[in-house]
Amino acid sequence: MVNEGKGGPWSRKASQKSPSSEQDSRGSERTTGESPCPSNGSVEVEHIIGRKLQLKKKAEHLKADLMRQFDTQVNEFMDNLIEESAGLSSSNVNTVFHLSDKERSKHRHPQTSQSQSKQFVIRRSLLDDLFEVNHIRTIYHMFIALLLLFIFSTLIVDFIDQGRLVLEFDLLVYAFGQFPLVVVTWMCMFLSALVVPFVLLSGWASYYTTSNHGTLWTVLAGFLLLLYQGLCLGLMPTYVVLKNSLPPASCFILILEQVRFIMKTHSFVRENVPRVLSSERNKTNLVAVPHLNQYIYFLFAPTLIYRDNYPRNPYIRWGYVATKFAPVLGCLFYAYYVFVRLCIPQFHNISMQLFDLRVMVLCVFNSILPGVLVLFLAFFAFLHCWLNAFAEMLRFGDRMFYKDWWNSTSFANYYRTWNVVVHDWLYYYVYRDFLWMTQKRFRAAAMLLVFTVSAVVHEYVLAICFGFFYPVLFCIFMCFGMVFNFVLHDRRKGPIWNVVMWTSLFLGQGVLTCLYSQEWYAQRYCPIKEPSFIDLLKPRSWTCYPQSNAAVDAN
């Protein structure tokens, strides 16, 4: 590029003047005795500076566009490279070429094909990569600053009201009450999930391949497995929670672990039964049952898809483990201050008012901020920090527990990327298996089944942990979630659809936080001594009025 400040077009034009004109100008200068007028030179300098600034702005815009295009192309290339390498590493290419047509068809069967199942590869979590960028890490620092402001405001208000610093954390102590009972119950669930499915699978595999009554053993083993999952993993934890009236956090630990063990045992059996059937069809003497240590590793691994072996990292970074467990503890205190400063004062006052349309609208919009903060805290504490800490301790290589759900322009993509761990289980064991049983005839029914299973499990967890039945989440999931899944589909691109997705997500969090908090206080202010079955199904907040609240307060 030509340096116009030293030798641009203006300098060339000046050099091309005729000698006569130069002599005339020198003569005029001598006759007047004044220096030449500098106005033309200053105008040219300003024009050069302006031109430079314009070129600099264009170069900056061009650089930003090139960097965005380069980043997009590199990400797409790396994703494709990872998928292709995983497919090559998981398939036995050399043996497939020597198979007969019949054996190839068996190899391509959806029940046993590795190429159509989930591929595990060594990769980092997305936030670990993003936090290496200073601009993204600044957002993380902003949330830490907000936590400090919550702490300072709580301490100052308590000091003004009570004349002393209050550091008792009564809400956390209450939420995690009866924790020893939680630990004992979890140990019982873990030992049963370790022993019963493994023994049933091993016994069934040995009898199925050697006995002439394979179908009878299959029915018997399947019945015992369902009986175990229904009684030991299903009813026992729920009975402990309801019988002992466990507080919310302790309830969530037990019920979520209950759901996790059910999903893991199903995956373990579902992945190994086709292997046993395949070995029996091929008349091989070797029964393809995994070792106990492989199953133990799977029970602790941060995945719900069973494999005999997973890609492993060479060593454990204990410093990384500490940096992941520390934010989990910080998120607990963050949630505590969110409830203390934003939720409890608001809903305690709302519960003393008649819950009309105006109060409900104000409640929903005032609940958006605490609801969204709790959503972010749950995502960061569990899906990023907790799972990464356990993955590091187990040297588990595949850390893709979530994707860039915040960039979603459709709810279909949001459902796939928010929680990849659960999505994979629903996709392979509900959606894909339903299509296999119906010979790929009813894809819409398969999608409806996935939504129904997810909505029922979510509502079951909330109903048991909160102690009341109020199917707000179920209705939002099945009604608005299904509609948004088809209306805001993957063909919706552009920033405006990302704004629509975030607006809908914010409103949904506000509705959930408002209605569940209102029902929680209504259950405390308006208790029923001997509730009927209809009373258990009917929301208490619909019939709990301020007069009843005043009577309870007076007592």
# chains A, B, ... in the order shown; residues from 1 in each chain; ligands from 1

$ select_by_dssp --residues "stretch 115-245 of chain A" --states "alpha helix (DSSP H)" --output "ChimeraX atom specification"
/A:126-130,134-162,170-175,179-210,214-230,236-244

$ residues_around --residues "stretch 426-430 of chain A" --least-positions-apart "5" --cutoff "10 Å" --atoms "only C-alpha atoms" --output "compact mmCIF listing (two decimals) with N, CA and C atoms, in the first residue's frame"
# COMPACT_ATOMS: atom_id res chain seq x y z
N GLN A 116 -23.62 -46.62 14.58
CA GLN A 116 -24.83 -45.87 14.83
C GLN A 116 -25.04 -45.56 16.30
N SER A 117 -24.16 -45.98 17.17
CA SER A 117 -24.27 -45.69 18.59
C SER A 117 -23.39 -44.50 18.94
N LYS A 118 -23.47 -44.08 20.15
CA LYS A 118 -22.72 -42.91 20.58
C LYS A 118 -21.23 -43.20 20.56
N MET A 263 -31.57 -45.29 35.17
CA MET A 263 -31.11 -45.09 33.80
C MET A 263 -29.82 -45.86 33.53
N HIS A 266 -30.53 -49.66 33.27
CA HIS A 266 -31.18 -49.94 31.98
C HIS A 266 -30.16 -49.94 30.85
N SER A 267 -29.26 -48.95 30.85
CA SER A 267 -28.25 -48.89 29.80
C SER A 267 -27.32 -50.10 29.87
N ARG A 270 -29.31 -53.02 28.52
CA ARG A 270 -29.66 -52.80 27.12
C ARG A 270 -28.46 -52.95 26.19
N GLU A 271 -27.27 -52.57 26.62
CA GLU A 271 -26.10 -52.67 25.76
C GLU A 271 -25.50 -54.08 25.73
N LEU A 304 -24.45 -41.83 30.84
CA LEU A 304 -25.54 -42.78 31.01
C LEU A 304 -25.55 -43.84 29.93
N ILE A 305 -24.52 -43.87 29.08
CA ILE A 305 -24.39 -44.85 28.00
C ILE A 305 -23.27 -45.80 28.37
N ARG A 416 -31.40 -30.41 22.56
CA ARG A 416 -30.30 -31.32 22.25
C ARG A 416 -29.00 -30.93 22.92
N VAL A 420 -26.47 -32.86 27.37
CA VAL A 420 -26.13 -33.91 26.40
C VAL A 420 -26.17 -35.28 27.05
N VAL A 421 -25.85 -35.36 28.34
CA VAL A 421 -25.81 -36.66 29.04
C VAL A 421 -27.20 -37.30 29.02
N LEU A 435 -38.32 -46.33 17.41
CA LEU A 435 -38.33 -46.42 15.95
C LEU A 435 -37.95 -47.82 15.47
N TRP A 436 -37.03 -48.48 16.17
CA TRP A 436 -36.67 -49.84 15.79
C TRP A 436 -37.83 -50.80 15.98
N ALA A 446 -42.56 -41.13 18.25
CA ALA A 446 -41.32 -41.31 19.00
C ALA A 446 -40.90 -40.03 19.69
N MET A 447 -41.01 -38.89 19.00
CA MET A 447 -40.68 -37.61 19.60
C MET A 447 -41.63 -37.27 20.74
N LEU A 449 -43.16 -39.43 22.60
CA LEU A 449 -42.81 -40.31 23.71
C LEU A 449 -41.61 -39.76 24.49
N VAL A 450 -40.62 -39.22 23.78
CA VAL A 450 -39.46 -38.63 24.46
C VAL A 450 -39.89 -37.46 25.33
N PHE A 451 -40.72 -36.58 24.79
CA PHE A 451 -41.20 -35.44 25.57
C PHE A 451 -42.00 -35.90 26.78
N VAL A 453 -41.85 -38.84 28.45
CA VAL A 453 -40.98 -39.44 29.46
C VAL A 453 -40.21 -38.37 30.22
N SER A 454 -39.65 -37.41 29.50
CA SER A 454 -38.89 -36.35 30.15
C SER A 454 -39.78 -35.50 31.05

$ residues_around --residues "A:Leu224" --least-positions-apart "6" --cutoff "12 Å" --atoms "only C-alpha atoms" --output "ChimeraX atom specification"
/A:196-197,199-201,203-204,217-218,230-232

$ write_last_selection --atoms "C-alpha atoms" --output "PDB file, in the first residue's frame"
ATOM      1  CA  VAL A 196     -28.575 -57.158  41.259  1.00  0.00           C
ATOM      2  CA  PRO A 197     -28.280 -56.158  37.560  1.00  0.00           C
ATOM      3  CA  VAL A 199     -25.823 -60.983  38.803  1.00  0.00           C
ATOM      4  CA  LEU A 200     -29.039 -61.148  36.755  1.00  0.00           C
ATOM      5  CA  LEU A 201     -27.220 -60.450  33.494  1.00  0.00           C
ATOM      6  CA  GLY A 203     -26.803 -65.679  35.296  1.00  0.00           C
ATOM      7  CA  TRP A 204     -29.122 -65.116  32.348  1.00  0.00           C
ATOM      8  CA  TRP A 217     -34.856 -67.678  31.371  1.00  0.00           C
ATOM      9  CA  THR A 218     -35.207 -64.448  29.423  1.00  0.00           C
ATOM     10  CA  GLY A 230     -39.746 -50.929  40.622  1.00  0.00           C
ATOM     11  CA  LEU A 231     -39.361 -51.931  44.280  1.00  0.00           C
ATOM     12  CA  CYS A 232     -35.746 -51.325  45.306  1.00  0.00           C
TER      13      CYS A 232
END

$ closest_residue --among "A:Val184, A:Leu377, A:Tyr334, A:Phe347" --to "A:Leu147" --atoms "only C-alpha atoms"
A:Tyr334

$ closest_residue --among "A:Val483, A:Pro345, A:Ile464, A:Trp497" --to "A:Ser410" --atoms "only C-alpha atoms"
A:Trp497

$ closest_residue --among "A:Ser541, A:Asn485, A:Gln346, A:Asn366" --to "A:Thr409" --atoms "only C-alpha atoms"
A:Asn485

$ residues_around --residues "stretch 381-387 of chain A" --least-positions-apart "2" --cutoff "12 Å" --atoms "only C-alpha atoms" --output "MDAnalysis selection string"
chainID A and resid 124:128 300:303 320:335 373:379 389:403 417:422

$ write_last_selection --atoms "C-alpha atoms" --output "PDB file, in the first residue's frame"
ATOM      1  CA  ARG A 124     -12.740 -30.829  26.728  1.00  0.00           C
ATOM      2  CA  SER A 125     -15.859 -29.111  27.999  1.00  0.00           C
ATOM      3  CA  LEU A 126     -16.823 -26.032  26.070  1.00  0.00           C
ATOM      4  CA  LEU A 127     -16.571 -23.644  29.006  1.00  0.00           C
ATOM      5  CA  ASP A 128     -13.015 -24.778  29.722  1.00  0.00           C
ATOM      6  CA  PHE A 300     -19.410 -43.597  38.704  1.00  0.00           C
ATOM      7  CA  ALA A 301     -18.608 -42.359  35.190  1.00  0.00           C
ATOM      8  CA  PRO A 302     -20.330 -39.121  34.084  1.00  0.00           C
ATOM      9  CA  THR A 303     -22.312 -40.796  31.310  1.00  0.00           C
ATOM     10  CA  TYR A 320      -8.153 -29.158  38.273  1.00  0.00           C
ATOM     11  CA  VAL A 321     -10.384 -31.271  40.538  1.00  0.00           C
ATOM     12  CA  ALA A 322     -10.031 -28.684  43.317  1.00  0.00           C
ATOM     13  CA  THR A 323     -10.877 -25.841  40.944  1.00  0.00           C
ATOM     14  CA  LYS A 324     -14.094 -27.654  40.008  1.00  0.00           C
ATOM     15  CA  PHE A 325     -15.283 -28.663  43.481  1.00  0.00           C
ATOM     16  CA  ALA A 326     -14.686 -25.157  44.870  1.00  0.00           C
ATOM     17  CA  PRO A 327     -17.178 -23.499  42.459  1.00  0.00           C
ATOM     18  CA  VAL A 328     -19.786 -26.134  43.400  1.00  0.00           C
ATOM     19  CA  LEU A 329     -19.544 -24.972  47.003  1.00  0.00           C
ATOM     20  CA  GLY A 330     -19.609 -21.370  45.839  1.00  0.00           C
ATOM     21  CA  CYS A 331     -22.758 -22.001  43.796  1.00  0.00           C
ATOM     22  CA  LEU A 332     -24.488 -23.422  46.895  1.00  0.00           C
ATOM     23  CA  PHE A 333     -23.833 -20.200  48.778  1.00  0.00           C
ATOM     24  CA  TYR A 334     -24.781 -18.211  45.680  1.00  0.00           C
ATOM     25  CA  ALA A 335     -28.162 -19.966  45.565  1.00  0.00           C
ATOM     26  CA  LEU A 373     -29.852 -17.102  38.284  1.00  0.00           C
ATOM     27  CA  VAL A 374     -30.831 -20.470  39.770  1.00  0.00           C
ATOM     28  CA  LEU A 375     -30.907 -21.955  36.246  1.00  0.00           C
ATOM     29  CA  PHE A 376     -27.388 -20.687  35.513  1.00  0.00           C
ATOM     30  CA  LEU A 377     -26.126 -21.879  38.888  1.00  0.00           C
ATOM     31  CA  ALA A 378     -27.579 -25.363  38.402  1.00  0.00           C
ATOM     32  CA  PHE A 379     -26.052 -25.616  34.930  1.00  0.00           C
ATOM     33  CA  ALA A 389     -14.521 -33.054  38.640  1.00  0.00           C
ATOM     34  CA  PHE A 390     -15.656 -36.697  38.575  1.00  0.00           C
ATOM     35  CA  ALA A 391     -14.483 -37.087  34.984  1.00  0.00           C
ATOM     36  CA  GLU A 392     -11.032 -35.871  35.981  1.00  0.00           C
ATOM     37  CA  MET A 393     -10.822 -38.200  38.989  1.00  0.00           C
ATOM     38  CA  LEU A 394     -11.839 -41.130  36.759  1.00  0.00           C
ATOM     39  CA  ARG A 395      -9.640 -39.915  33.867  1.00  0.00           C
ATOM     40  CA  PHE A 396     -12.796 -39.953  31.731  1.00  0.00           C
ATOM     41  CA  GLY A 397     -11.829 -38.373  28.425  1.00  0.00           C
ATOM     42  CA  ASP A 398     -15.104 -37.290  26.808  1.00  0.00           C
ATOM     43  CA  ARG A 399     -16.163 -34.075  28.580  1.00  0.00           C
ATOM     44  CA  MET A 400     -18.927 -33.009  26.194  1.00  0.00           C
ATOM     45  CA  PHE A 401     -21.647 -32.844  28.852  1.00  0.00           C
ATOM     46  CA  TYR A 402     -23.310 -29.913  27.099  1.00  0.00           C
ATOM     47  CA  LYS A 403     -22.933 -27.870  23.943  1.00  0.00           C
ATOM     48  CA  THR A 417     -27.511 -29.160  23.639  1.00  0.00           C
ATOM     49  CA  TRP A 418     -28.613 -28.184  27.168  1.00  0.00           C
ATOM     50  CA  ASN A 419     -27.933 -31.564  28.786  1.00  0.00           C
ATOM     51  CA  VAL A 420     -26.132 -33.908  26.397  1.00  0.00           C
ATOM     52  CA  VAL A 421     -25.809 -36.656  29.035  1.00  0.00           C
ATOM     53  CA  VAL A 422     -29.576 -37.087  29.454  1.00  0.00           C
TER      54      VAL A 422
END

$ residues_around --residues "A:Ile151" --least-positions-apart "3" --cutoff "10 Å" --atoms "only C-alpha atoms" --output "ChimeraX atom specification"
/A:145-148,154-156,333-334,336-338,341

$ residues_around --residues "A:Leu299" --least-positions-apart "3" --cutoff "7 Å" --atoms "only C-alpha atoms" --output "MDAnalysis selection string"
chainID A and resid 264 295:296

$ residues_around --residues "stretch 499-505 of chain A" --least-positions-apart "4" --cutoff "10 Å" --atoms "only C-alpha atoms" --output "PyMOL selection string"
chain A and resi 368+372+406-411+414+480+484+488+494-495+509-511

$ atom_distance --atom1 "atom CA of A:Asp308" --atom2 "atom CA of A:Gln294"
6.0 Å

$ decode --residues "stretch 168-215 of chain A" --atoms "C-alpha atoms" --output "CSV table (one decimal), in the first residue's frame"
chain,number,residue,atom,x,y,z
A,168,GLU,CA,-25.8,-18.9,60.7
A,169,PHE,CA,-27.0,-20.0,57.2
A,170,ASP,CA,-30.2,-21.4,58.6
A,171,LEU,CA,-31.6,-22.1,55.1
A,172,LEU,CA,-28.7,-24.3,54.0
A,173,VAL,CA,-28.8,-26.2,57.3
A,174,TYR,CA,-32.5,-26.8,56.9
A,175,ALA,CA,-32.3,-27.7,53.1
A,176,PHE,CA,-29.6,-30.4,53.8
A,177,GLY,CA,-31.2,-31.8,56.9
A,178,GLN,CA,-31.1,-35.5,57.9
A,179,PHE,CA,-28.0,-35.9,55.7
A,180,PRO,CA,-26.8,-39.1,57.5
A,181,LEU,CA,-30.1,-40.8,56.4
A,182,VAL,CA,-29.5,-39.7,52.9
A,183,VAL,CA,-26.0,-41.3,52.9
A,184,VAL,CA,-27.3,-44.6,54.3
A,185,THR,CA,-30.1,-44.7,51.7
A,186,TRP,CA,-27.7,-43.9,48.9
A,187,MET,CA,-25.4,-46.7,49.9
A,188,CYS,CA,-28.2,-49.2,49.8
A,189,MET,CA,-29.2,-48.0,46.4
A,190,PHE,CA,-25.7,-48.2,45.1
A,191,LEU,CA,-25.0,-51.7,46.4
A,192,SER,CA,-28.2,-53.0,45.0
A,193,ALA,CA,-27.6,-51.3,41.6
A,194,LEU,CA,-24.1,-52.9,41.7
A,195,VAL,CA,-25.1,-56.4,42.6
A,196,VAL,CA,-28.6,-57.2,41.3
A,197,PRO,CA,-28.3,-56.2,37.6
A,198,PHE,CA,-24.8,-57.7,37.2
A,199,VAL,CA,-25.8,-61.0,38.8
A,200,LEU,CA,-29.0,-61.1,36.8
A,201,LEU,CA,-27.2,-60.4,33.5
A,202,SER,CA,-24.4,-62.9,34.2
A,203,GLY,CA,-26.8,-65.7,35.3
A,204,TRP,CA,-29.1,-65.1,32.3
A,205,ALA,CA,-26.2,-65.1,29.9
A,206,SER,CA,-24.8,-68.4,31.1
A,207,TYR,CA,-28.2,-70.2,31.2
A,208,TYR,CA,-29.3,-68.7,27.9
A,209,THR,CA,-26.3,-69.9,25.9
A,210,THR,CA,-26.2,-73.4,27.5
A,211,SER,CA,-29.9,-74.2,28.3
A,212,ASN,CA,-32.6,-75.3,26.0
A,213,HIS,CA,-35.1,-73.0,27.8
A,214,GLY,CA,-33.6,-69.7,26.8
A,215,THR,CA,-36.9,-67.9,26.3
